[in-house]
Structure formats: C-alpha cells, structure tokens
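Okay, structure first, notes after.
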Amino acid sequence: MGASPTLISSVQRAFRLLEAASAHETGAPAKRLARETGLPLGTAYHLLRTLVHDGYLRKLDDGGFVLGDRLQSLHSGGRSQALLTRVRPVLSALRDELSSAAYLTFYEDGEIRVSEIVDGPRAPRADLWVGFEDAGHATALGKAVLRELDDEAREEYLSRHALNDLTPHTVTRPMELIRRLETTPLAPAVTDLEEYALGTVCVAVPVYGGGTLGSIGVSMPRNRLDRLDEVRDRLLPTARRVTRGLSLTI
C-alpha cells in the first residue's frame with residue numbers, strides 16, 4: 001500500500017474558512033465562521049487575520065468577513081488558463097500544418113500583448129528581440145489588431161507608441177502605416193515582411209472574444225514568401241475557430 005499523503009491541517013482550515021465566508025454575501029463574523037467550520041475561535045481568528053493580510057478575505061466595518069480582491073485575481077487567472085487550454089490545440093494544429101510557430105495576441109489596456117506562442121523544433125519562434133508592446137507597428141500580429149481599431153482608438157495607440165525603426169523595412173510614419181493597413185492586399189490578413197526582424201516574415205488575422213480584440217498569426221523564414229496566400233487561407237478558418245473558443249470561454 002502506498003504511503004498516505006502529507007496534509008497540512010492549517011491550509012485545510014484556511015480553505016474551510018474561505019468556503020464558509022463565500023456562503024455569506026454580506027459577510028459573517030469570526031464567531032459564526034468558526035462555528036460553521038468547527039474550528040476553535042482562537043484558531044479561526046489567527047487564520048482570518050492572515051487571510052485578510054494577504055488579501056484573500058476583507059474585513060468589513062461591522063466585523064464581518066467577505067472574500068477579498070486576491071481571490072478575484074485568481075479567478076481571472078483561472079479563466080485565462082481555461083481560455084488558453086481551449087485555444088492551444090488549435091494553435092498547435094496550425095503550427096503542425098504550416099511548420100511555422102503560431103502566436104496569439106490580445107489588445108488589453110491599450111497594449112498589444114502576446115498571450116501564447118506554440119512552436120517546436122521544426123517550427124522555431126521568431127527572435128523576440130523587441131517586446132511586442134513596443135513593436136505593434138512592425139509585426140503582423142500588431143498590425144492585425146491596429147487595422148481593426150476604429151480611427152480614434154488607433155490614433156490614441158499611435159500617439160503613445162513611437163514607430164521605432166527596427167529594420168530597413170519598418171514603416172515609421174503613422175500616415176504611411178495607416179495607408180498600408182487600409183490597402184493590404186491579403187485583407188483581413190496583414191503581413192510583416194522583415195519589418196520586425198530581418199529574415200523573418202509573418203502573416204496574421206484578427207480574432208475576437210466577447211469584447212476582446214486580438215490576433216493569431218505565424219512566422220516563417222523569408223524564403224517561404226511564395227506561401228503567403230496559402231497561409232492566409234489557412235489562418236482565416238483557424239481564426240474563426242479561435243473566435244468561437246474565446247466566445248465560449250470569456
């Protein structure tokens with residue numbers, strides 16, 4: 001027979017207090033929580049004080065305890081993990097079919113952020129030598145998001161981000177960038193033709209989830225430029241699948 005697992009009783013007691021507190025929408029005092037969990041009042045007080053200190057509970061002015069903001073952040077993180085769990089297999093299939101690293105970004109708090117990269121030995125990721133938050137103008141993933149923003153949101157983004165010259169191919173003038181976004185021949189897909197890194201090209205398309213805007217895309221060596229149409233045609237149905245997955249998760 002295998003050995004019994006080592007259980008930390010204080011952790012179990014803290015979780016029991018959290019569960020009890022969650023059952024009282026307007027809060028419950030320490031005595032009631034101690035009674036409901038079967039804990040000595042002194043033990044309950046010590047654990048409640050610790051949970052309040054670390055943000056997992058909040059003590060109200062009337063002495064009652066309610067769930068704290070820290071638990072909300074854990075819940076949000078759990079939702080993000082569930083979201084990526086749903087989307088990751090789709091990105092993996094895209095990587096395997098195109099032998100290219102696949103990426104997922106979201107537009108959050110006014111920034112374009114990479115949420116997931118699925119690569120492999122036969123599909124290495126691009127060298128992310130400049131953070132995507134500072135290179136939205138030079139990446140297909142960033143431009144796919146910028147193309148979908150309305151004029152006001154796009155101008156606001158560009159007013160906060162310098163169009164840094166990352167390679168000789170980078171567009172550094174806002175009006176020229178906007179013109180190219182609006183006239184891209186592969187719309188709604190956009191490309192990065194060595195604008196972020198020499199020797200690397202990318203294709204990306206937008207995705208949506210609830211009120212969230214993002215993009216998916218792939219990167220590949222420059223010698224595969226002749227596959228841009230094929231990549232676009234594969235990205236579009238994948239984007240629809242990702243959008244459905246995000247809508248179900250968010």
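We label chains A, B, ... in the order they appear in the structure tokens, count residues from 1 in each chain, and number ligands from 1 in the order shown.
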
Neighbour list for Gly136 of chain A as a list in words, cut-off 9 Å, only C-alpha atoms, skip fewer than 2 positions in-chain: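 That gives Glu111, Ile112, Gly131, Phe132, Glu133, Asp134, Ala138, Thr139, Ala140, Leu141, Gly142, Lys143, Val145, Leu146, His161 and Leu163 of chain A.
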
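Considering only segment 50-179 of chain A, backbone DSSP assigns strand (DSSP E or B) to Leu57, Arg58, Lys59, Phe65, Val66, Leu67, Ala101, Ala102, Tyr103, Leu104, Thr105, Phe106, Tyr107, Glu108, Glu111, Ile112, Arg113, Val114, Ser115, Glu116, Ile117, Val118, Gly120 and Ala123 of chain A.
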
Have a look at A:Glu97, A:Asp229, A:Asp69, A:Glu25 and name the one nearest to Val190 of chain A; count only C-alpha atoms.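 Of the candidates, the smallest distance to Val190 of chain A is held by A:Asp229.
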
Of the listed residues A:Leu177, A:Pro237, A:Glu19, A:Pro124, that which approaches Glu155 of chain A most closely, counting only C-alpha atoms: A:Leu177

Which of A:Leu158, A:Ala23, A:Ala239, A:Leu18 sits closest to Gly55 of chain A [using only C-alpha atoms]: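 The shortest atom-to-atom distance to Gly55 of chain A comes from A:Leu18.
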
9 Å contact set for Ala14 of chain A, only C-alpha atoms, chain neighbours under 6 positions out, as a PyMOL selection string: chain A and resi 44+47-48+51

For the residues in the current selection, export C-alpha atoms as a CSV table (one decimal), in the first residue's frame.
```
chain,number,residue,atom,x,y,z
A,44,ALA,CA,-10.2,31.0,13.4
A,47,LEU,CA,-6.3,32.3,10.2
A,48,LEU,CA,-8.8,35.0,9.4
A,51,LEU,CA,-6.2,35.7,5.1
```

What's around segment 169-176 of chain A at 10 Å? Count only C-alpha atoms, leave out sequence neighbours fewer than 6 positions away in its own chain, and write the answer as a PyMOL selection string. chain A and resi 135+137-139+155+158-159+162-163+182+192-198

Mind listing the alpha helix (DSSP H) residues of segment 136-193 of chain A, per DSSP on the backbone, as a ChimeraX atom specification? /A:140-148,151-160,174-182

Output file for the residues above (C-alpha atoms, as a PDB file, in the first residue's frame):
```
ATOM      1  CA  ALA A 140       1.762  41.308 -38.456  1.00  0.00           C
ATOM      2  CA  LEU A 141       0.125  40.425 -35.142  1.00  0.00           C
ATOM      3  CA  GLY A 142       0.165  44.034 -34.023  1.00  0.00           C
ATOM      4  CA  LYS A 143      -0.975  45.389 -37.363  1.00  0.00           C
ATOM      5  CA  ALA A 144      -3.875  42.920 -37.475  1.00  0.00           C
ATOM      6  CA  VAL A 145      -5.115  44.500 -34.246  1.00  0.00           C
ATOM      7  CA  LEU A 146      -4.441  48.079 -35.367  1.00  0.00           C
ATOM      8  CA  ARG A 147      -6.327  47.501 -38.596  1.00  0.00           C
ATOM      9  CA  GLU A 148      -9.451  46.523 -36.639  1.00  0.00           C
ATOM     10  CA  ASP A 151      -9.878  55.732 -36.053  1.00  0.00           C
ATOM     11  CA  GLU A 152      -9.965  57.222 -32.566  1.00  0.00           C
ATOM     12  CA  ALA A 153      -8.559  54.142 -30.829  1.00  0.00           C
ATOM     13  CA  ARG A 154      -5.873  53.740 -33.469  1.00  0.00           C
ATOM     14  CA  GLU A 155      -4.783  57.373 -33.201  1.00  0.00           C
ATOM     15  CA  GLU A 156      -4.701  57.073 -29.423  1.00  0.00           C
ATOM     16  CA  TYR A 157      -2.476  53.994 -29.657  1.00  0.00           C
ATOM     17  CA  LEU A 158      -0.103  55.600 -32.150  1.00  0.00           C
ATOM     18  CA  SER A 159       0.124  58.749 -30.009  1.00  0.00           C
ATOM     19  CA  ARG A 160       1.573  56.624 -27.190  1.00  0.00           C
ATOM     20  CA  PRO A 174       1.955  56.953 -38.991  1.00  0.00           C
ATOM     21  CA  MET A 175       0.108  58.050 -42.137  1.00  0.00           C
ATOM     22  CA  GLU A 176       2.001  55.555 -44.275  1.00  0.00           C
ATOM     23  CA  LEU A 177       1.323  52.789 -41.752  1.00  0.00           C
ATOM     24  CA  ILE A 178      -2.416  53.563 -41.772  1.00  0.00           C
ATOM     25  CA  ARG A 179      -2.458  53.678 -45.577  1.00  0.00           C
ATOM     26  CA  ARG A 180      -0.869  50.242 -45.762  1.00  0.00           C
ATOM     27  CA  LEU A 181      -3.242  48.829 -43.166  1.00  0.00           C
ATOM     28  CA  GLU A 182      -6.224  50.017 -45.174  1.00  0.00           C
TER      29      GLU A 182
END
```

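Using only C-alpha atoms, the shortest contact distance between Val201 of chain A and any of A:Pro188, A:Ile216, A:Leu225, A:Ala28 is found at A:Leu225.
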
Compile the contact shell of Arg95 of chain A as a list in words: residues with an atom at most 8 Å away, counting only C-alpha atoms, same-chain residues fewer than 3 positions apart removed.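 Answer for this query is Leu91, Ser92, Leu98, Ser99, Ser100, Ala101, Ala102, Val118, Asp119, Ala123 and Val218 of chain A.
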
Written selection (N, CA and C atoms) as a tab-separated table (two decimals), in the first residue's frame:
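This went into again.tsv:
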```tsv
chain	number	residue	atom	x	y	z
A	91	LEU	N	-3.93	26.23	-32.07
A	91	LEU	CA	-2.66	26.81	-32.47
A	91	LEU	C	-1.64	25.71	-32.78
A	92	SER	N	-1.68	24.63	-32.02
A	92	SER	CA	-0.76	23.51	-32.28
A	92	SER	C	-1.02	22.89	-33.65
A	98	LEU	N	1.45	24.11	-40.97
A	98	LEU	CA	2.25	25.08	-41.72
A	98	LEU	C	3.74	25.01	-41.38
A	99	SER	N	4.11	24.15	-40.44
A	99	SER	CA	5.51	24.07	-39.98
A	99	SER	C	6.03	25.45	-39.62
A	100	SER	N	5.19	26.19	-38.89
A	100	SER	CA	5.52	27.57	-38.50
A	100	SER	C	5.06	27.80	-37.07
A	101	ALA	N	5.82	28.58	-36.33
A	101	ALA	CA	5.40	28.94	-34.98
A	101	ALA	C	4.11	29.74	-35.06
A	102	ALA	N	3.18	29.46	-34.15
A	102	ALA	CA	1.88	30.14	-34.12
A	102	ALA	C	1.79	31.01	-32.88
A	118	VAL	N	3.09	28.90	-29.70
A	118	VAL	CA	3.21	27.46	-29.85
A	118	VAL	C	4.24	27.21	-30.95
A	119	ASP	N	5.40	26.71	-30.55
A	119	ASP	CA	6.48	26.46	-31.51
A	119	ASP	C	6.98	25.04	-31.35
A	123	ALA	N	9.52	24.23	-36.04
A	123	ALA	CA	8.79	25.50	-36.20
A	123	ALA	C	9.26	26.47	-35.12
A	218	VAL	N	1.38	33.48	-37.80
A	218	VAL	CA	2.52	32.57	-37.86
A	218	VAL	C	3.73	33.33	-38.38
```

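Closest approach to Ala30 of chain A among A:Thr85, A:Thr43, A:Gln12, A:Thr212: A:Thr43, based on only C-alpha atoms.
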
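Separating atom CA of Ala93 of chain A from atom CA of Arg232 of chain A is a distance of 15.0 Å.
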
Point-to-point distance from atom CA of Asp96 of chain A to atom CA of Glu230 of chain A, Å rounded to tenths: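 Those two atoms sit 14.4 Å apart.
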
Pick out the closest residue to Thr243 of chain A from this set: A:Thr167, A:Val87, A:Met220, A:Val231. Count only C-alpha atoms. A:Val87

What is the distance, in Å and to one decimal place, between atom CA of Thr200 of chain A and atom CA of Leu149 of chain A? 25.5 Å
